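J.: So here's entry-v2.tsv (TSV, C-alpha atoms and all ligand atoms).
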```tsv
chain	number	residue	atom	x	y	z
V	1	MET	CA	18.74	148.00	29.74
V	2	THR	CA	20.68	146.69	32.75
V	3	LYS	CA	21.03	142.95	33.39
V	4	ASP	CA	18.72	143.32	36.37
V	5	LYS	CA	15.99	145.04	34.31
V	6	ARG	CA	16.40	142.39	31.61
V	7	ARG	CA	15.94	139.71	34.22
V	8	LYS	CA	12.85	141.37	35.69
V	9	THR	CA	11.31	141.79	32.25
V	10	ALA	CA	12.02	138.13	31.50
V	11	ILE	CA	10.35	137.13	34.76
V	12	ARG	CA	7.27	139.29	34.08
V	13	GLU	CA	6.94	137.83	30.57
V	14	MET	CA	7.19	134.26	31.92
V	15	GLN	CA	4.69	135.13	34.64
V	16	ARG	CA	2.19	136.38	32.02
V	17	ALA	CA	2.76	133.37	29.78
V	18	THR	CA	2.69	130.65	32.41
V	19	GLY	CA	0.69	132.13	35.30
V	20	THR	CA	3.42	130.95	37.70
V	21	ARG	CA	4.07	133.01	40.84
V	22	TYR	CA	6.65	135.80	40.45
V	23	THR	CA	8.63	134.63	43.50
V	24	ARG	CA	9.03	131.11	42.16
V	25	LEU	CA	10.11	132.34	38.73
V	26	ALA	CA	12.50	134.81	40.34
V	27	ARG	CA	14.29	131.90	41.97
V	28	GLU	CA	14.62	130.09	38.66
V	29	VAL	CA	15.45	132.86	36.21
V	30	VAL	CA	19.11	133.67	36.75
V	31	VAL	CA	21.13	136.23	34.86
V	32	PRO	CA	24.59	134.68	34.71
V	33	LEU	CA	26.61	137.16	36.72
V	34	ALA	CA	28.66	134.47	38.48
V	35	GLY	CA	32.37	135.09	38.09
V	36	GLN	CA	32.01	138.85	37.87
V	37	THR	CA	34.23	140.94	40.10
V	38	PHE	CA	33.60	144.29	41.76
V	39	ARG	CA	34.96	146.34	44.64
V	40	LEU	CA	33.34	146.38	48.06
V	41	ALA	CA	33.03	150.16	47.58
V	42	ASP	CA	30.85	149.61	44.48
V	43	LEU	CA	28.44	147.40	46.42
V	44	LEU	CA	28.39	149.91	49.29
V	45	ALA	CA	27.65	152.72	46.80
V	46	GLU	CA	24.65	150.76	45.51
V	47	CYS	CA	23.54	150.12	49.08
V	48	ALA	CA	23.83	153.82	49.97
V	49	THR	CA	22.08	155.23	46.90
V	50	LEU	CA	19.54	152.76	45.51
V	51	PRO	CA	15.90	153.02	46.64
V	52	HIS	CA	13.91	150.29	48.35
V	53	ALA	CA	12.75	147.63	45.93
V	54	SER	CA	9.44	145.87	46.28
V	55	VAL	CA	9.62	142.10	46.21
V	56	GLU	CA	6.85	139.53	46.30
V	57	TRP	CA	8.14	137.31	49.09
V	58	ASP	CA	6.70	133.88	49.72
V	59	PHE	CA	6.52	134.63	53.46
V	60	PRO	CA	4.73	137.40	55.44
V	61	GLU	CA	5.91	140.88	54.46
V	62	ARG	CA	6.56	141.88	58.09
V	63	TYR	CA	9.44	139.38	58.28
V	64	ALA	CA	11.01	140.64	55.06
V	65	PRO	CA	14.17	142.77	55.09
V	66	ALA	CA	14.44	146.13	53.30
V	67	VAL	CA	16.09	145.40	49.96
V	68	PHE	CA	17.46	147.17	46.90
V	69	ASP	CA	17.92	145.85	43.36
V	70	SER	CA	21.65	145.26	43.04
V	71	SER	CA	22.99	145.21	39.49
V	72	LEU	CA	26.28	143.80	40.84
V	73	ILE	CA	24.66	140.78	42.51
V	74	GLY	CA	21.85	140.56	39.95
V	75	THR	CA	18.94	140.36	42.40
V	76	ALA	CA	17.33	142.08	45.38
V	77	VAL	CA	19.79	142.33	48.29
V	78	PRO	CA	19.01	143.41	51.88
V	79	TYR	CA	20.74	146.66	52.95
V	80	GLY	CA	21.60	145.01	56.28
V	81	THR	CA	23.33	142.07	54.58
V	82	VAL	CA	25.65	144.42	52.67
V	83	LEU	CA	26.38	146.44	55.81
V	84	GLU	CA	27.22	143.27	57.73
V	85	LEU	CA	29.58	142.15	54.95
V	86	ALA	CA	31.25	145.58	55.02
V	87	GLY	CA	31.73	145.20	58.79
V	88	ILE	CA	33.34	141.78	58.41
V	89	LEU	CA	35.63	143.08	55.65
V	90	ALA	CA	36.48	146.32	57.48
V	91	GLN	CA	40.17	145.43	57.56
V	92	VAL	CA	40.20	144.70	53.82
V	93	GLY	CA	38.73	148.16	53.15
V	94	PRO	CA	36.45	149.52	50.43
V	95	GLY	CA	38.97	148.73	47.67
V	96	GLY	CA	38.72	145.00	48.44
V	97	SER	CA	37.95	142.95	45.36
V	98	ILE	CA	34.89	140.72	45.60
V	99	SER	CA	33.95	138.02	43.13
V	100	LEU	CA	30.54	136.51	42.77
V	101	GLU	CA	30.63	132.70	42.97
V	102	SER	CA	26.90	132.01	42.56
V	103	VAL	CA	23.48	133.61	42.96
V	104	SER	CA	20.10	132.09	43.77
V	105	PRO	CA	17.76	135.09	43.50
V	106	LEU	CA	15.71	135.84	46.63
V	107	ALA	CA	17.62	133.11	48.48
V	108	GLN	CA	21.40	133.56	48.66
V	109	ALA	CA	24.51	134.81	46.89
V	110	ILE	CA	28.00	133.44	47.50
V	111	VAL	CA	30.84	135.94	47.25
V	112	VAL	CA	34.60	135.49	47.64
V	113	CYS	CA	37.11	138.03	48.98
V	114	ARG	CA	40.78	137.07	49.44
V	115	LYS	CA	39.90	133.35	49.57
V	116	ARG	CA	37.24	133.92	52.26
V	117	ARG	CA	33.77	132.86	51.11
V	118	PHE	CA	30.57	134.44	52.36
V	119	GLN	CA	26.96	133.45	52.01
V	120	LEU	CA	24.90	136.63	51.61
V	121	VAL	CA	21.47	135.69	52.93
V	122	LEU	CA	18.96	137.51	50.73
V	123	THR	CA	15.88	136.87	52.87
V	124	GLN	CA	17.35	138.37	56.08
V	125	ASP	CA	19.96	140.94	57.08
V	126	MET	CA	22.58	138.25	57.48
V	127	VAL	CA	25.98	137.00	56.29
V	128	ASN	CA	27.53	133.60	57.04
V	129	GLU	CA	31.18	132.83	56.45
V	130	LEU	CA	31.63	129.53	54.61
V	131	CYS	CA	34.35	126.93	54.15
V	132	GLN	CA	37.04	128.20	51.72
V	133	LYS	CA	36.70	125.20	49.41
V	134	PRO	CA	34.88	126.52	46.31
V	135	GLU	CA	31.22	125.49	46.10
V	136	CYS	CA	31.19	123.95	49.61
V	137	PRO	CA	27.95	124.94	51.38
V	138	ASN	CA	29.24	124.25	54.92
V	139	SER	CA	30.58	126.61	57.55
V	140	SER	CA	33.72	125.86	59.55
V	141	ASP	CA	33.53	124.67	63.17
V	142	SER	CA	35.49	127.60	64.56
V	143	TRP	CA	36.43	131.18	63.70
V	144	ALA	CA	40.05	129.96	63.56
V	145	PHE	CA	39.41	127.26	60.92
V	146	THR	CA	39.35	128.24	57.26
V	147	HIS	CA	37.61	125.03	56.11
V	148	CYS	CA	34.72	122.86	57.24
V	149	ARG	CA	35.46	119.50	58.87
V	150	ASP	CA	35.03	117.70	55.51
V	151	HIS	CA	37.76	119.80	53.89
V	152	LEU	CA	40.19	120.60	56.72
V	153	ALA	CA	42.32	117.57	55.87
V	154	GLU	CA	42.93	119.01	52.38
V	155	CYS	CA	44.77	121.97	53.91
V	156	GLY	CA	48.55	121.52	54.02
V	157	THR	CA	50.55	121.14	57.23
V	158	ARG	CA	51.49	124.83	57.21
V	159	ASP	CA	47.86	126.00	57.16
V	160	LEU	CA	46.77	123.46	59.77
V	161	VAL	CA	49.61	124.55	62.07
V	162	SER	CA	48.62	128.18	61.57
V	163	MET	CA	44.97	127.39	62.44
V	164	ALA	CA	46.12	125.45	65.53
V	165	ARG	CA	48.15	128.45	66.64
V	166	ASP	CA	45.26	130.90	66.09
V	167	TRP	CA	42.79	128.66	67.89
V	168	GLY	CA	45.20	128.08	70.78
V	169	HIS	CA	45.97	131.77	71.23
V	170	GLY	CA	42.25	132.57	71.24
V	171	ARG	CA	41.61	129.86	73.81
V	172	ARG	CA	44.51	131.05	75.96
V	173	GLU	CA	43.21	134.62	75.90
V	174	GLU	CA	39.78	133.43	76.96
V	175	PHE	CA	41.19	131.73	80.07
V	176	ASP	CA	44.10	134.01	80.81
V	177	GLU	CA	43.06	134.29	84.47
V	178	ASN	CA	43.30	130.54	84.99
V	179	PRO	CA	45.62	128.86	82.44
V	180	ALA	CA	45.14	125.48	84.16
V	181	VAL	CA	41.68	125.17	82.53
V	182	VAL	CA	42.75	126.06	78.97
V	183	GLY	CA	42.73	122.41	77.82
V	184	GLY	CA	39.84	120.00	77.42
V	185	SER	CA	37.86	121.71	74.67
V	186	THR	CA	36.50	119.32	72.05
V	187	ASP	CA	36.00	122.32	69.72
V	188	VAL	CA	39.52	121.78	68.42
V	189	ASP	CA	39.02	118.06	67.69
V	190	PRO	CA	38.12	118.49	63.97
V	191	LEU	CA	41.55	120.07	63.51
V	192	ILE	CA	43.30	117.16	65.29
V	193	LYS	CA	41.41	114.64	63.14
V	194	ALA	CA	42.34	116.55	59.98
V	195	ALA	CA	45.98	116.58	61.12
V	196	VAL	CA	45.90	112.77	61.49
V	197	ALA	CA	44.50	112.30	57.97
V	198	SER	CA	47.00	114.69	56.41
V	199	VAL	CA	50.05	113.32	58.28
V	200	SER	CA	50.50	116.57	60.20
V	201	PHE	CA	49.65	115.32	63.69
V	202	GLU	CA	52.91	116.13	65.48
V	203	PRO	CA	53.44	119.72	64.23
V	204	VAL	CA	49.73	120.53	64.77
V	205	ARG	CA	49.76	119.09	68.32
V	206	ASP	CA	52.96	120.97	69.18
V	207	ALA	CA	51.60	124.29	67.83
V	208	LEU	CA	48.35	123.79	69.71
V	209	LEU	CA	50.02	123.01	73.04
V	210	ASP	CA	52.49	125.85	72.64
V	211	ALA	CA	49.77	128.40	71.84
V	212	CYS	CA	47.58	127.20	74.72
V	213	PHE	CA	50.21	126.82	77.43
V	214	GLY	CA	53.58	128.21	76.30
V	215	ASP	CA	56.87	126.39	76.82
V	216	PRO	CA	56.60	123.87	79.73
V	217	ASN	CA	60.31	124.37	80.49
V	218	LEU	CA	59.47	127.93	81.51
V	219	PHE	CA	56.45	127.20	83.71
V	220	ASP	CA	58.54	127.65	86.87
V	221	ASP	CA	59.58	131.13	85.67
V	222	MET	CA	56.13	132.06	84.38
V	223	TYR	CA	54.27	131.11	87.55
V	224	TRP	CA	55.82	132.26	90.82
V	225	ASP	CA	53.40	130.22	92.83
V	226	ALA	CA	54.70	126.62	92.82
V	227	SER	CA	51.22	125.14	93.15
V	228	GLN	CA	50.01	127.08	90.11
V	229	SER	CA	53.04	126.02	88.11
V	230	LEU	CA	52.27	122.41	89.02
V	231	ALA	CA	48.59	122.85	88.13
V	232	VAL	CA	49.49	124.21	84.68
V	233	GLN	CA	52.03	121.39	84.21
V	234	HIS	CA	49.28	118.85	84.96
V	235	ALA	CA	46.86	120.64	82.63
V	236	PHE	CA	49.49	120.58	79.88
V	237	GLU	CA	50.10	116.83	80.29
V	238	ARG	CA	46.36	116.13	80.46
V	239	GLU	CA	45.73	118.05	77.23
V	240	ARG	CA	48.67	116.36	75.50
V	241	LEU	CA	47.18	112.98	76.41
V	242	ARG	CA	43.65	114.05	75.39
V	243	ILE	CA	44.89	115.19	71.96
V	244	TYR	CA	46.67	111.86	71.50
V	245	GLU	CA	43.52	109.95	72.45
V	246	VAL	CA	41.43	111.98	69.96
V	247	ALA	CA	44.01	111.14	67.28
V	248	GLN	CA	44.04	107.44	68.20
V	249	ALA	CA	40.25	107.28	68.05
V	250	GLU	CA	40.35	108.91	64.61
V	251	VAL	CA	42.95	106.38	63.41
V	252	ARG	CA	40.75	103.51	64.65
V	253	ARG	CA	37.79	105.06	62.80
V	254	ILE	CA	39.81	105.40	59.58
V	255	HIS	CA	41.09	101.80	59.88
V	256	LYS	CA	37.53	100.59	60.39
V	257	VAL	CA	36.32	102.45	57.28
V	258	THR	CA	39.25	101.54	55.01
V	259	GLY	CA	39.75	98.03	56.45
V	260	SER	CA	43.17	97.52	54.91
V	261	CYS	CA	46.14	99.29	53.31
V	262	SER	CA	44.91	101.29	50.32
V	263	LEU	CA	47.83	100.01	48.19
V	264	CYS	CA	48.69	96.41	49.14
V	265	GLY	CA	45.53	95.37	51.00
V	266	LYS	CA	47.37	94.25	54.18
V	267	ARG	CA	45.42	94.65	57.41
V	268	LEU	CA	46.03	97.96	59.20
V	269	PHE	CA	46.56	98.00	62.95
V	270	ALA	CA	49.32	100.21	64.40
V	271	TRP	CA	49.57	103.96	63.86
V	272	ASN	CA	52.71	105.84	62.95
V	273	PRO	CA	51.94	109.59	62.81
V	274	SER	CA	54.44	110.05	59.98
V	275	ILE	CA	52.63	107.58	57.69
V	276	PRO	CA	49.19	108.15	56.13
V	277	PRO	CA	46.68	106.25	58.30
V	278	THR	CA	45.33	104.51	55.19
V	279	ARG	CA	48.69	102.84	54.40
V	280	CYS	CA	50.83	100.13	55.95
V	281	PRO	CA	54.51	100.92	56.77
V	282	ALA	CA	55.72	99.05	53.66
V	283	CYS	CA	53.58	101.27	51.40
V	284	ALA	CA	54.38	104.56	53.14
V	285	PRO	CA	55.33	107.27	50.64
V	286	PRO	CA	59.03	108.22	50.96
V	287	ARG	CA	59.50	111.21	53.22
V	288	ALA	CA	60.71	114.50	51.79
V	289	ALA	CA	64.25	114.09	53.18
V	290	GLU	CA	64.58	110.59	51.76
V	291	LEU	CA	63.25	111.81	48.42
V	292	SER	CA	65.85	114.56	48.16
V	293	SER	CA	68.76	112.27	49.21
V	294	ALA	CA	67.56	109.64	46.73
V	295	ALA	CA	67.78	112.26	43.99
V	296	PHE	CA	71.56	112.50	44.52
V	297	THR	CA	72.34	108.78	44.52
X	301	ZN	ZN	33.95	122.48	53.08
X	302	ZN	ZN	50.50	98.40	52.13
```
Could you spell out this file's structure in structure tokens?

T.:
Amino acid sequence: MTKDKRRKTAIREMQRATGTRYTRLAREVVVPLAGQTFRLADLLAECATLPHASVEWDFPERYAPAVFDSSLIGTAVPYGTVLELAGILAQVGPGGSISLESVSPLAQAIVVCRKRRFQLVLTQDMVNELCQKPECPNSSDSWAFTHCRDHLAECGTRDLVSMARDWGHGRREEFDENPAVVGGSTDVDPLIKAAVASVSFEPVRDALLDACFGDPNLFDDMYWDASQSLAVQHAFERERLRIYEVAQAEVRRIHKVTGSCSLCGKRLFAWNPSIPPTRCPACAPPRAAELSSAAFT
């Protein structure tokens, strides 16, 4: 007997014994498949070959998706949800390894492929990409961010810089006709705030400005029209200032929440981007260069 059949039998038995609705029990009775790994091709094979399953939904049947009983996921899964996942993972290919993080039957399954986490919606033909922090239920604020705003600050400088570059290039492509209007989007602000908290403000700002505008020293060569060059120069300076103001506002917010230095308790006021915003200069952790020179003395 497959795990799925075992689960269904268990549900039917509980239904007979308790008189509780099948749908409610189906949400509660979980065969522990979490942690199991399979290939995308295996899930697609199930999707292509398994017949429609009948499910007692707790909403009108006409809104229900067509589903099949997946032994890999351990519950009924909409065909459309699997096809959407396959579309998103097209570049990974059918050999891509997928692991099952959690399943709530007839509600959702969370799967992970190469660090990317996806919520398979089991009541509609739908997939949502989630924050890459395990067990986080949130989505990120942008296609270019790998984590939600609560967890962006946990990403290292390298990852934040890479996200800034991706976001900036996307933004630049969107406004390629008129680069003077590339700046000003608050969509990137969660990344700037995360950079402040993780002491990565300067490299993230520089990557963002470079991806959005290019090198300001080359504006005169890039734009033959002097007025356009000037307009882009102004837009660059405006965005640089806006990013700084977003960072300053975030520092003020952090100082308000923390109140004082997390180590010595002294009042916090000024901001030095190379010091954690929760510490005073005297309690700043030694920088990497100082650490390595200290090791030789
Ligand atoms: Zn998160
Ligand atoms: Zn201190």

J.: Which of these, V:Ala270, V:Cys113, V:Val204, V:Leu263, has the shortest distance to ligand ZN 302 (chain X) once you count all atoms listed in the file?

T.: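 Closest residue, counting all atoms listed in the file: V:Leu263.
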
J.: Would you please work out which residue, of V:Asn128, V:Ser185, V:Ser227, V:Ser139, is nearest to ligand ZN 301 (chain X) when using only C-alpha atoms and all ligand atoms?

T.: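 Closest to ligand ZN 301 (chain X) of all the choices is V:Ser139.
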
J.: Between V:Trp57, V:Phe68, V:Phe118, V:Phe145, single out the one closest to Leu85 (chain V), counting only C-alpha atoms.

T.: V:Phe118

J.: Set the cut-off to 10 Å, count all atoms listed in the file, and list whatever residues fall near ligand ZN 301 (chain X) as a PyMOL selection string.

T.: chain V and resi 130-140+146-152+154

J.: Residues of chain V within 12 Å of ligand ZN 302 (chain X): nearest atom pair and distance (Å, one decimal) for each, counting all atoms listed in the file, sorted by chain and number, as CSV?

T.:
```
residue,atom,partner,partner_atom,distance
V:Gly259,CA,X:ZN302,ZN,11.6
V:Ser260,CA,X:ZN302,ZN,7.9
V:Cys261,CA,X:ZN302,ZN,4.6
V:Ser262,CA,X:ZN302,ZN,6.5
V:Leu263,CA,X:ZN302,ZN,5.0
V:Cys264,CA,X:ZN302,ZN,4.0
V:Gly265,CA,X:ZN302,ZN,5.9
V:Lys266,CA,X:ZN302,ZN,5.6
V:Arg267,CA,X:ZN302,ZN,8.2
V:Leu268,CA,X:ZN302,ZN,8.4
V:Phe269,CA,X:ZN302,ZN,11.5
V:Ile275,CA,X:ZN302,ZN,10.9
V:Pro276,CA,X:ZN302,ZN,10.6
V:Pro277,CA,X:ZN302,ZN,10.7
V:Thr278,CA,X:ZN302,ZN,8.6
V:Arg279,CA,X:ZN302,ZN,5.3
V:Cys280,CA,X:ZN302,ZN,4.2
V:Pro281,CA,X:ZN302,ZN,6.6
V:Ala282,CA,X:ZN302,ZN,5.5
V:Cys283,CA,X:ZN302,ZN,4.3
V:Ala284,CA,X:ZN302,ZN,7.3
V:Pro285,CA,X:ZN302,ZN,10.2
```

J.: Those same residues, written as a compact mmCIF listing (two decimals), in the frame of the given file with C-alpha atoms?

T.:
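Contents of selection-v5.txt, freshly written:
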```
# COMPACT_ATOMS: atom_id res chain seq x y z
CA GLY V 259 39.75 98.03 56.45
CA SER V 260 43.17 97.52 54.91
CA CYS V 261 46.14 99.29 53.31
CA SER V 262 44.91 101.29 50.32
CA LEU V 263 47.83 100.01 48.19
CA CYS V 264 48.69 96.41 49.14
CA GLY V 265 45.53 95.37 51.00
CA LYS V 266 47.37 94.25 54.18
CA ARG V 267 45.42 94.65 57.41
CA LEU V 268 46.03 97.96 59.20
CA PHE V 269 46.56 98.00 62.95
CA ILE V 275 52.63 107.58 57.69
CA PRO V 276 49.19 108.15 56.13
CA PRO V 277 46.68 106.25 58.30
CA THR V 278 45.33 104.51 55.19
CA ARG V 279 48.69 102.84 54.40
CA CYS V 280 50.83 100.13 55.95
CA PRO V 281 54.51 100.92 56.77
CA ALA V 282 55.72 99.05 53.66
CA CYS V 283 53.58 101.27 51.40
CA ALA V 284 54.38 104.56 53.14
CA PRO V 285 55.33 107.27 50.64
```
